[in-house]
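Undergrad: Provided below: data_2.cif, containing mmCIF, C-alpha atoms and all ligand atoms.
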```
data_final
#
loop_
_atom_site.label_atom_id
_atom_site.label_comp_id
_atom_site.auth_asym_id
_atom_site.auth_seq_id
_atom_site.Cartn_x
_atom_site.Cartn_y
_atom_site.Cartn_z
CA MET A 1 72.98 98.65 104.80
CA ILE A 2 75.97 99.41 102.59
CA THR A 3 79.37 99.89 104.26
CA ILE A 4 82.09 101.92 102.57
CA ALA A 5 85.64 101.61 103.92
CA VAL A 6 87.69 104.73 103.29
CA SER A 7 91.44 105.22 103.84
CA LYS A 8 91.89 107.81 106.56
CA GLY A 9 93.86 110.99 105.90
CA ARG A 10 94.41 112.33 102.43
CA ILE A 11 92.08 109.95 100.59
CA TYR A 12 89.24 110.49 103.06
CA GLU A 13 89.59 114.26 102.69
CA GLU A 14 89.51 114.04 98.89
CA ALA A 15 86.68 111.48 98.90
CA LEU A 16 84.44 113.56 101.21
CA PRO A 17 83.32 116.10 98.57
CA LEU A 18 82.59 113.27 96.14
CA LEU A 19 80.54 111.38 98.72
CA ALA A 20 78.76 114.60 99.74
CA LYS A 21 77.62 115.10 96.14
CA MET A 22 76.08 111.65 96.38
CA GLY A 23 74.22 112.68 99.55
CA ILE A 24 76.58 110.71 101.77
CA GLU A 25 77.89 112.89 104.61
CA PRO A 26 79.06 111.55 107.97
CA ILE A 27 76.78 112.72 110.77
CA ASP A 28 79.61 112.85 113.33
CA ASN A 29 82.87 114.63 112.62
CA PRO A 30 85.46 111.83 112.30
CA GLU A 31 88.18 114.24 113.51
CA THR A 32 86.53 114.54 116.90
CA SER A 33 84.33 111.45 117.13
CA ARG A 34 85.77 108.26 118.60
CA LYS A 35 83.17 106.21 116.72
CA LEU A 36 84.65 103.67 114.32
CA ILE A 37 81.47 103.23 112.30
CA LEU A 38 80.09 106.50 111.05
CA PRO A 39 76.41 106.75 110.19
CA THR A 40 75.75 109.12 107.30
CA THR A 41 73.00 111.37 106.06
CA ARG A 42 71.93 108.40 103.96
CA GLU A 43 70.24 105.88 106.18
CA ASP A 44 71.37 102.96 104.02
CA VAL A 45 75.07 103.91 103.96
CA GLN A 46 77.70 103.89 106.72
CA LEU A 47 81.40 104.70 106.54
CA ILE A 48 84.35 103.09 108.26
CA ILE A 49 87.52 105.17 108.21
CA ILE A 50 90.54 102.92 108.48
CA ARG A 51 94.26 102.76 107.67
CA ALA A 52 94.99 102.77 103.95
CA THR A 53 96.58 99.33 104.00
CA ASP A 54 93.59 97.78 105.79
CA VAL A 55 90.99 98.83 103.19
CA PRO A 56 91.52 95.91 100.74
CA THR A 57 91.38 93.43 103.65
CA PHE A 58 88.05 94.75 104.95
CA VAL A 59 86.52 94.67 101.46
CA GLU A 60 87.97 91.28 100.53
CA TYR A 61 86.42 89.66 103.61
CA GLY A 62 83.09 91.42 103.12
CA ALA A 63 83.42 93.51 106.28
CA ALA A 64 82.84 96.43 103.93
CA ASP A 65 80.93 96.30 100.63
CA PHE A 66 82.92 99.11 99.03
CA GLY A 67 86.37 100.50 99.63
CA ILE A 68 88.30 103.57 98.54
CA ALA A 69 92.04 102.94 98.40
CA GLY A 70 95.13 104.00 96.49
CA LYS A 71 96.26 101.90 93.52
CA ASP A 72 99.61 101.58 95.30
CA VAL A 73 97.97 99.85 98.25
CA LEU A 74 95.81 97.67 96.00
CA LEU A 75 98.79 96.51 93.95
CA GLU A 76 100.86 95.80 97.00
CA HIS A 77 98.02 93.89 98.67
CA GLY A 78 96.95 92.07 95.51
CA SER A 79 93.44 92.88 94.27
CA GLU A 80 92.51 89.67 92.44
CA ASN A 81 89.82 89.00 95.07
CA LEU A 82 88.21 92.41 94.59
CA TYR A 83 86.33 94.18 91.83
CA GLU A 84 87.95 97.47 90.93
CA PRO A 85 85.36 99.13 88.72
CA ILE A 86 86.09 102.85 89.01
CA ASP A 87 89.13 105.12 89.00
CA LEU A 88 88.06 108.00 91.26
CA ASN A 89 90.95 110.18 90.14
CA ILE A 90 91.65 111.47 93.62
CA ALA A 91 94.88 111.45 95.68
CA CYS A 92 96.87 111.37 92.45
CA CYS A 93 100.62 110.97 92.68
CA LYS A 94 103.43 108.87 91.22
CA LEU A 95 105.22 105.80 92.48
CA MET A 96 108.89 106.38 91.74
CA THR A 97 112.38 105.38 92.54
CA ALA A 98 114.43 108.13 94.13
CA ALA A 99 118.03 108.47 95.22
CA HIS A 100 120.45 111.03 96.62
CA LYS A 101 120.98 113.78 94.05
CA ASP A 102 124.71 113.00 93.92
CA ALA A 103 124.31 109.22 93.74
CA PRO A 104 125.21 107.40 90.49
CA PRO A 105 122.45 105.90 88.29
CA ILE A 106 120.82 102.79 89.69
CA SER A 107 122.45 99.68 88.21
CA GLY A 108 124.06 96.40 89.21
CA ARG A 109 123.03 95.31 92.69
CA VAL A 110 121.02 97.81 94.72
CA ARG A 111 119.60 98.11 98.19
CA VAL A 112 116.11 99.56 98.12
CA ALA A 113 114.12 100.85 101.09
CA THR A 114 110.36 100.87 100.66
CA LYS A 115 107.02 99.92 102.11
CA TYR A 116 106.08 98.61 98.65
CA VAL A 117 108.07 95.38 98.84
CA THR A 118 106.11 93.40 96.24
CA ILE A 119 105.89 96.24 93.72
CA ALA A 120 109.59 97.03 94.13
CA GLN A 121 110.61 93.37 93.75
CA GLN A 122 108.58 93.06 90.54
CA TYR A 123 109.85 96.37 89.20
CA PHE A 124 113.56 95.65 89.67
CA ALA A 125 113.14 92.06 88.46
CA SER A 126 111.53 93.40 85.27
CA LEU A 127 114.66 95.49 84.68
CA GLY A 128 116.98 92.58 85.45
CA ILE A 129 118.44 94.52 88.39
CA GLN A 130 119.31 92.53 91.50
CA ALA A 131 117.64 94.33 94.38
CA GLU A 132 117.80 93.75 98.08
CA ILE A 133 114.55 95.14 99.42
CA ILE A 134 114.44 96.56 102.94
CA LYS A 135 110.91 96.91 104.28
CA LEU A 136 110.16 100.19 106.07
CA TYR A 137 106.83 101.48 107.36
CA GLY A 138 107.44 105.20 106.82
CA SER A 139 110.02 107.98 106.34
CA MET A 140 111.59 106.09 103.43
CA GLU A 141 113.42 109.30 102.43
CA LEU A 142 115.66 108.86 105.43
CA ALA A 143 117.16 105.57 104.23
CA PRO A 144 119.61 106.88 101.57
CA LEU A 145 120.68 109.72 103.88
CA VAL A 146 121.87 107.39 106.61
CA GLY A 147 123.35 104.68 104.40
CA LEU A 148 120.52 102.18 104.89
CA ALA A 149 119.73 101.99 101.16
CA ASP A 150 120.98 103.17 97.77
CA CYS A 151 117.53 104.25 96.70
CA ILE A 152 113.88 104.20 97.71
CA VAL A 153 110.57 103.37 96.10
CA ASP A 154 107.96 105.83 97.32
CA LEU A 155 105.13 108.13 96.33
CA VAL A 156 105.98 111.51 94.88
CA ASP A 157 103.55 114.37 94.35
CA THR A 158 105.09 117.85 94.52
CA GLY A 159 108.60 116.47 95.03
CA ASN A 160 108.97 118.67 98.12
CA THR A 161 109.76 115.79 100.47
CA LEU A 162 112.51 114.51 98.16
CA ARG A 163 114.00 117.99 97.66
CA ALA A 164 113.96 118.74 101.39
CA ASN A 165 116.12 115.65 101.89
CA GLN A 166 118.62 116.13 99.02
CA LEU A 167 116.99 113.33 97.06
CA GLU A 168 115.78 113.40 93.47
CA PRO A 169 113.17 111.38 91.57
CA ARG A 170 114.68 108.84 89.20
CA GLU A 171 112.38 106.37 87.39
CA LEU A 172 108.60 106.48 87.19
CA ILE A 173 107.13 103.12 88.17
CA MET A 174 103.49 104.08 87.72
CA HIS A 175 100.87 106.78 88.08
CA ILE A 176 98.73 106.34 91.18
CA SER A 177 95.16 107.38 91.96
CA SER A 178 92.46 106.10 94.30
CA ARG A 179 90.10 103.40 93.13
CA LEU A 180 86.69 102.24 94.19
CA VAL A 181 86.78 98.54 95.04
CA VAL A 182 83.82 96.25 95.63
CA ASN A 183 83.43 92.98 97.52
CA LYS A 184 82.71 90.19 95.04
CA ALA A 185 79.93 88.55 97.09
CA ALA A 186 78.20 91.91 97.70
CA MET A 187 78.13 92.44 93.96
CA LYS A 188 75.90 89.35 93.73
CA MET A 189 74.03 89.31 97.06
CA LYS A 190 73.30 93.05 97.26
CA ASN A 191 73.22 93.56 93.53
CA ALA A 192 70.51 96.22 93.33
CA ALA A 193 71.99 98.43 96.06
CA VAL A 194 75.57 97.97 94.86
CA ALA A 195 74.70 98.63 91.22
CA ALA A 196 72.72 101.76 92.17
CA LEU A 197 75.65 103.15 94.15
CA LEU A 198 78.09 102.32 91.36
CA THR A 199 75.94 104.23 88.88
CA GLN A 200 75.82 107.15 91.29
CA PHE A 201 79.61 107.18 91.65
CA GLU A 202 79.96 107.15 87.85
CA GLN A 203 77.44 109.95 87.37
CA THR A 204 79.03 112.10 90.04
CA LEU A 205 82.45 111.70 88.43
CA ILE A 206 81.03 112.64 85.02
CA GLU A 207 79.35 115.72 86.52
CA ASN A 208 82.64 116.68 88.20
CA HIS A 209 84.39 116.57 84.84
CA SER A 210 81.83 118.59 82.90
P1 LIG A 301 99.30 104.84 107.13
O1 LIG A 301 100.11 105.79 107.96
O2 LIG A 301 97.95 104.59 107.67
O3 LIG A 301 100.02 103.59 106.73
P2 LIG A 301 99.82 106.53 104.93
O4 LIG A 301 100.66 107.45 105.75
O5 LIG A 301 100.45 105.79 103.81
O6 LIG A 301 98.97 105.54 105.80
P3 LIG A 301 98.63 108.58 103.41
O7 LIG A 301 99.98 109.21 103.35
O8 LIG A 301 97.43 109.39 103.73
O9 LIG A 301 98.61 107.37 104.39
O10 LIG A 301 98.45 107.85 102.02
C1 LIG A 301 97.28 107.16 101.72
C2 LIG A 301 97.20 107.05 100.23
O11 LIG A 301 97.14 108.36 99.66
C3 LIG A 301 98.37 106.37 99.55
O12 LIG A 301 98.18 104.97 99.54
C4 LIG A 301 98.35 106.98 98.17
O13 LIG A 301 97.44 106.30 97.31
C5 LIG A 301 97.85 108.40 98.44
N1 LIG A 301 98.96 109.37 98.64
C6 LIG A 301 99.97 109.27 99.53
N2 LIG A 301 100.80 110.31 99.46
C7 LIG A 301 100.30 111.11 98.52
C8 LIG A 301 100.71 112.37 98.00
N3 LIG A 301 101.78 112.99 98.44
N4 LIG A 301 99.92 112.93 97.08
C9 LIG A 301 98.81 112.32 96.66
N5 LIG A 301 98.39 111.11 97.09
C10 LIG A 301 99.12 110.52 98.01
C1 LIG A 302 103.69 110.91 101.19
C2 LIG A 302 104.81 110.08 100.60
C3 LIG A 302 105.94 111.08 100.46
C4 LIG A 302 105.20 112.40 100.25
C5 LIG A 302 105.34 112.82 98.84
O1 LIG A 302 103.90 111.04 102.54
O2 LIG A 302 105.15 108.97 101.41
O3 LIG A 302 106.74 111.14 101.61
O4 LIG A 302 103.79 112.15 100.53
O5 LIG A 302 104.65 114.00 98.60
P1 LIG A 302 105.40 115.27 97.98
O6 LIG A 302 106.10 114.82 96.75
O7 LIG A 302 104.28 116.24 97.67
O8 LIG A 302 106.33 115.79 99.03
P2 LIG A 302 102.84 111.73 103.50
O9 LIG A 302 102.89 113.21 103.39
O10 LIG A 302 101.49 111.14 103.28
O11 LIG A 302 103.37 111.29 104.88
P3 LIG A 302 103.59 109.82 105.45
O12 LIG A 302 105.09 109.71 105.53
O13 LIG A 302 102.89 109.86 106.76
O14 LIG A 302 102.97 108.81 104.52
#
```
Let me see the file written as structure tokens.
TA:
Amino acid sequence: MITIAVSKGRIYEEALPLLAKMGIEPIDNPETSRKLILPTTREDVQLIIIRATDVPTFVEYGAADFGIAGKDVLLEHGSENLYEPIDLNIACCKLMTAAHKDAPPISGRVRVATKYVTIAQQYFASLGIQAEIIKLYGSMELAPLVGLADCIVDLVDTGNTLRANQLEPRELIMHISSRLVVNKAAMKMKNAAVAALLTQFEQTLIENHS
């Protein structure tokens, strides 16, 4: 049995068509089912749909053989204990700094609100900017509006969330997409099954592009 851990929400929705092309479709509807392990139309593959930030943990410990997670989450978690063989090119967005549209350019000492504490620390350190990082778990856009922070580090796609809150994107930190990650032990112990599924992922992505 191969277990694939998928981030719930956006990534799951974008991964579904890809998995379906590989013959992997959940039998129960995860929207309505209370099951945490979803059997699929492929007898040898099951899905677990979990919070984005938990995906690297499940794969690292071998609770799942494969995982589908955003590069943002992988970087923040640290992915040195995982293989990251394939960029799935789904859930694409940008990790950026953003500030109030009337705020001066970021310089000197700044207060930064973000859920990406490690990435933000490294980013500001690389610029030689002294940053006080305030960890939040959501609604980062609120922080500059209420005086909690000078700027935020968050994901930006359409820019609608920033605009709706009188914020503007400032610096691009990196482009983000979802990656396939693989447990290192599974790569050895279940080599045939893992390699076959990897090839299938690659082929499906090539077909999608042609
Ligand atoms: P949780 O609430 O479980 O902590 P979350 O709210 O961060 O998760 P999502 O917003 O669905 O969950 O984000 C999951 C992943 O989807 C992110 O890690 C990122 O890789 C990607 N993502 C997030 N926002 C966007 C966006 N606006 N456009 C494209 N991809 C996005
Ligand atoms: C994400 C992200 C931004 C928003 C950016 O939040 O945290 O708030 O998308 O997208 P946009 O540039 O297209 O507006 P999401 O919608 O996933 O909600 P969340 O706060 O629950 O993570």
Undergrad: Could you give me the residues within 7 Å of ligand LIG 302 (chain A), counting all atoms listed in the file, as a ChimeraX atom specification?
TA: /A:138-139,141,154-162
Undergrad: Store the residues of this selection in a file with C-alpha atoms, as a PDB file, in the coordinates of the input.
TA:
```pdb
ATOM      1  CA  GLY A 138     107.440 105.200 106.820  1.00  0.00           C
ATOM      2  CA  SER A 139     110.020 107.980 106.340  1.00  0.00           C
ATOM      3  CA  GLU A 141     113.420 109.300 102.430  1.00  0.00           C
ATOM      4  CA  ASP A 154     107.960 105.830  97.320  1.00  0.00           C
ATOM      5  CA  LEU A 155     105.130 108.130  96.330  1.00  0.00           C
ATOM      6  CA  VAL A 156     105.980 111.510  94.880  1.00  0.00           C
ATOM      7  CA  ASP A 157     103.550 114.370  94.350  1.00  0.00           C
ATOM      8  CA  THR A 158     105.090 117.850  94.520  1.00  0.00           C
ATOM      9  CA  GLY A 159     108.600 116.470  95.030  1.00  0.00           C
ATOM     10  CA  ASN A 160     108.970 118.670  98.120  1.00  0.00           C
ATOM     11  CA  THR A 161     109.760 115.790 100.470  1.00  0.00           C
ATOM     12  CA  LEU A 162     112.510 114.510  98.160  1.00  0.00           C
TER      13      LEU A 162
END
```
Undergrad: Using all atoms listed in the file, which residues of the polymer chains come no farther than 8 Å from ligand LIG 301 (chain A)? I'd like the answer as a tab-separated table (two decimals) with C-alpha atoms, in the frame of the given file.
TA:
```tsv
chain	number	residue	atom	x	y	z
A	7	SER	CA	91.44	105.22	103.84
A	8	LYS	CA	91.89	107.81	106.56
A	9	GLY	CA	93.86	110.99	105.90
A	10	ARG	CA	94.41	112.33	102.43
A	11	ILE	CA	92.08	109.95	100.59
A	50	ILE	CA	90.54	102.92	108.48
A	51	ARG	CA	94.26	102.76	107.67
A	52	ALA	CA	94.99	102.77	103.95
A	53	THR	CA	96.58	99.33	104.00
A	69	ALA	CA	92.04	102.94	98.40
A	70	GLY	CA	95.13	104.00	96.49
A	71	LYS	CA	96.26	101.90	93.52
A	72	ASP	CA	99.61	101.58	95.30
A	73	VAL	CA	97.97	99.85	98.25
A	90	ILE	CA	91.65	111.47	93.62
A	91	ALA	CA	94.88	111.45	95.68
A	92	CYS	CA	96.87	111.37	92.45
A	93	CYS	CA	100.62	110.97	92.68
A	94	LYS	CA	103.43	108.87	91.22
A	137	TYR	CA	106.83	101.48	107.36
A	138	GLY	CA	107.44	105.20	106.82
A	155	LEU	CA	105.13	108.13	96.33
A	156	VAL	CA	105.98	111.51	94.88
A	157	ASP	CA	103.55	114.37	94.35
A	158	THR	CA	105.09	117.85	94.52
A	176	ILE	CA	98.73	106.34	91.18
A	177	SER	CA	95.16	107.38	91.96
A	178	SER	CA	92.46	106.10	94.30
```
Undergrad: Would you please work out which residue, of A:Leu167, A:Gly23, A:Val6, A:Leu18, is nearest to Ile49 of chain A when using only C-alpha atoms?
TA: A:Val6
Undergrad: Could you please give me, as an mmCIF file with C-alpha atoms, keeping the file's coordinate frame, the residues of protein, DNA or RNA lying at most 6 Å from (106.8, 106.1, 91.3) in the coordinate frame of the file, considering only C-alpha atoms?
TA:
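Result file is part24.cif:
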```
data_model
loop_
_atom_site.group_PDB
_atom_site.id
_atom_site.type_symbol
_atom_site.label_atom_id
_atom_site.label_comp_id
_atom_site.auth_asym_id
_atom_site.auth_seq_id
_atom_site.Cartn_x
_atom_site.Cartn_y
_atom_site.Cartn_z
ATOM 1 C CA LYS A 94 103.430 108.870 91.220
ATOM 2 C CA LEU A 95 105.220 105.800 92.480
ATOM 3 C CA MET A 96 108.890 106.380 91.740
ATOM 4 C CA THR A 97 112.380 105.380 92.540
ATOM 5 C CA LEU A 155 105.130 108.130 96.330
ATOM 6 C CA LEU A 172 108.600 106.480 87.190
ATOM 7 C CA ILE A 173 107.130 103.120 88.170
ATOM 8 C CA MET A 174 103.490 104.080 87.720
#
```
Undergrad: Please report the interatomic distance between atom CA of Arg109 of chain A and atom CA of Asp150 of chain A in Å with one decimal.
TA: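 Pair atom CA of Arg109 of chain A / atom CA of Asp150 of chain A returns 9.6 Å.
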Undergrad: Work out how far apart atom CA of Pro105 of chain A and atom CA of Leu74 of chain A are and give it in Å to one decimal.
TA: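 Between atom CA of Pro105 of chain A and atom CA of Leu74 of chain A the gap is 28.9 Å.
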Undergrad: For Thr57 of chain A, which residue out of A:Lys188, A:Arg163, A:His209, A:His77 is the nearest one, using only C-alpha atoms?
TA: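 For Thr57 of chain A, the nearest of the candidates is A:His77.
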Undergrad: Could you work out how far atom CA of Gly62 of chain A lies from atom CA of Ala186 of chain A, giving the answer in Å with one decimal?
TA: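 Calculated distance between atom CA of Ala186 of chain A and atom CA of Gly62 of chain A is 7.3 Å.
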Undergrad: Between A:Ile68, A:Ala195, A:Ala113, A:Leu38, which residue has the minimum interatomic distance to Leu142 of chain A, considering only C-alpha atoms?
TA: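 Closest candidate: A:Ala113.
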Undergrad: Find, counting only C-alpha atoms, the residue in A:Ala103, A:His175, A:Val153, A:Arg34 that gets nearest to Gln121 of chain A.
TA: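 Closest residue, counting only C-alpha atoms: A:Val153.
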Undergrad: Please return the centre and edge lengths, in Å to one decimal, of a box with edges along x, y and z that contains all listed atoms of segment 157-161 of chain A, widened by 5 Å on every side, as JSON.
TA:
```
{"center_x": 106.7, "center_y": 116.5, "center_z": 97.4, "size_x": 16.2, "size_y": 14.3, "size_z": 16.1}
```
Undergrad: Would you mind putting N, CA, C and O atoms back on segment 80-101 of chain A and writing the result as an mmCIF file, keeping the file's coordinate frame?
TA:
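Contents of result_23.cif, freshly written:
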```cif
data_model
loop_
_atom_site.group_PDB
_atom_site.id
_atom_site.type_symbol
_atom_site.label_atom_id
_atom_site.label_comp_id
_atom_site.auth_asym_id
_atom_site.auth_seq_id
_atom_site.Cartn_x
_atom_site.Cartn_y
_atom_site.Cartn_z
ATOM 1 N N GLU A 80 93.216 90.658 93.267
ATOM 2 C CA GLU A 80 92.510 89.670 92.440
ATOM 3 C C GLU A 80 91.202 89.209 93.087
ATOM 4 O O GLU A 80 90.308 88.730 92.406
ATOM 5 N N ASN A 81 91.063 89.406 94.409
ATOM 6 C CA ASN A 81 89.820 89.000 95.070
ATOM 7 C C ASN A 81 88.822 90.152 95.207
ATOM 8 O O ASN A 81 87.868 90.068 95.978
ATOM 9 N N LEU A 82 89.079 91.235 94.502
ATOM 10 C CA LEU A 82 88.210 92.410 94.590
ATOM 11 C C LEU A 82 87.812 92.850 93.185
ATOM 12 O O LEU A 82 88.587 92.661 92.247
ATOM 13 N N TYR A 83 86.630 93.456 93.073
ATOM 14 C CA TYR A 83 86.330 94.180 91.830
ATOM 15 C C TYR A 83 86.880 95.591 91.980
ATOM 16 O O TYR A 83 86.797 96.170 93.064
ATOM 17 N N GLU A 84 87.397 96.109 90.882
ATOM 18 C CA GLU A 84 87.950 97.470 90.930
ATOM 19 C C GLU A 84 87.339 98.261 89.765
ATOM 20 O O GLU A 84 87.994 98.512 88.759
ATOM 21 N N PRO A 85 86.060 98.627 89.890
ATOM 22 C CA PRO A 85 85.360 99.130 88.720
ATOM 23 C C PRO A 85 85.644 100.591 88.349
ATOM 24 O O PRO A 85 85.488 100.966 87.196
ATOM 25 N N ILE A 86 86.041 101.417 89.328
ATOM 26 C CA ILE A 86 86.090 102.850 89.010
ATOM 27 C C ILE A 86 87.371 103.512 89.520
ATOM 28 O O ILE A 86 87.761 103.341 90.677
ATOM 29 N N ASP A 87 88.006 104.271 88.619
ATOM 30 C CA ASP A 87 89.130 105.120 89.000
ATOM 31 C C ASP A 87 88.536 106.458 89.450
ATOM 32 O O ASP A 87 87.920 107.169 88.650
ATOM 33 N N LEU A 88 88.684 106.781 90.718
ATOM 34 C CA LEU A 88 88.060 108.000 91.260
ATOM 35 C C LEU A 88 88.890 109.245 90.977
ATOM 36 O O LEU A 88 88.425 110.364 91.229
ATOM 37 N N ASN A 89 90.103 109.041 90.495
ATOM 38 C CA ASN A 89 90.950 110.180 90.140
ATOM 39 C C ASN A 89 91.209 111.151 91.277
ATOM 40 O O ASN A 89 91.286 112.363 91.050
ATOM 41 N N ILE A 90 91.294 110.629 92.473
ATOM 42 C CA ILE A 90 91.650 111.470 93.620
ATOM 43 C C ILE A 90 92.955 110.955 94.220
ATOM 44 O O ILE A 90 93.370 109.841 93.929
ATOM 45 N N ALA A 91 93.578 111.780 95.058
ATOM 46 C CA ALA A 91 94.880 111.450 95.680
ATOM 47 C C ALA A 91 95.858 110.956 94.608
ATOM 48 O O ALA A 91 96.464 109.895 94.732
ATOM 49 N N CYS A 92 95.991 111.761 93.567
ATOM 50 C CA CYS A 92 96.870 111.370 92.450
ATOM 51 C C CYS A 92 98.333 111.693 92.782
ATOM 52 O O CYS A 92 98.639 112.750 93.339
ATOM 53 N N CYS A 93 99.190 110.774 92.466
ATOM 54 C CA CYS A 93 100.620 110.970 92.680
ATOM 55 C C CYS A 93 101.366 109.934 91.836
ATOM 56 O O CYS A 93 100.737 109.280 90.990
ATOM 57 N N LYS A 94 102.655 109.825 92.025
ATOM 58 C CA LYS A 94 103.430 108.870 91.220
ATOM 59 C C LYS A 94 104.237 107.963 92.140
ATOM 60 O O LYS A 94 104.758 108.428 93.150
ATOM 61 N N LEU A 95 104.333 106.715 91.756
ATOM 62 C CA LEU A 95 105.220 105.800 92.480
ATOM 63 C C LEU A 95 106.541 105.808 91.724
ATOM 64 O O LEU A 95 106.565 105.525 90.509
ATOM 65 N N MET A 96 107.612 106.180 92.423
ATOM 66 C CA MET A 96 108.890 106.380 91.740
ATOM 67 C C MET A 96 110.044 105.785 92.528
ATOM 68 O O MET A 96 109.943 105.554 93.729
ATOM 69 N N THR A 97 111.137 105.595 91.818
ATOM 70 C CA THR A 97 112.380 105.380 92.540
ATOM 71 C C THR A 97 112.981 106.756 92.787
ATOM 72 O O THR A 97 112.736 107.702 92.034
ATOM 73 N N ALA A 98 113.752 106.874 93.850
ATOM 74 C CA ALA A 98 114.430 108.130 94.130
ATOM 75 C C ALA A 98 115.747 107.818 94.820
ATOM 76 O O ALA A 98 115.879 106.781 95.490
ATOM 77 N N ALA A 99 116.702 108.693 94.617
ATOM 78 C CA ALA A 99 118.030 108.470 95.220
ATOM 79 C C ALA A 99 118.637 109.820 95.573
ATOM 80 O O ALA A 99 118.108 110.883 95.184
ATOM 81 N N HIS A 100 119.767 109.783 96.287
ATOM 82 C CA HIS A 100 120.450 111.030 96.620
ATOM 83 C C HIS A 100 120.833 111.726 95.329
ATOM 84 O O HIS A 100 121.212 111.072 94.352
ATOM 85 N N LYS A 101 120.742 113.058 95.314
ATOM 86 C CA LYS A 101 120.980 113.780 94.050
ATOM 87 C C LYS A 101 122.394 113.567 93.509
ATOM 88 O O LYS A 101 122.618 113.689 92.314
#
```
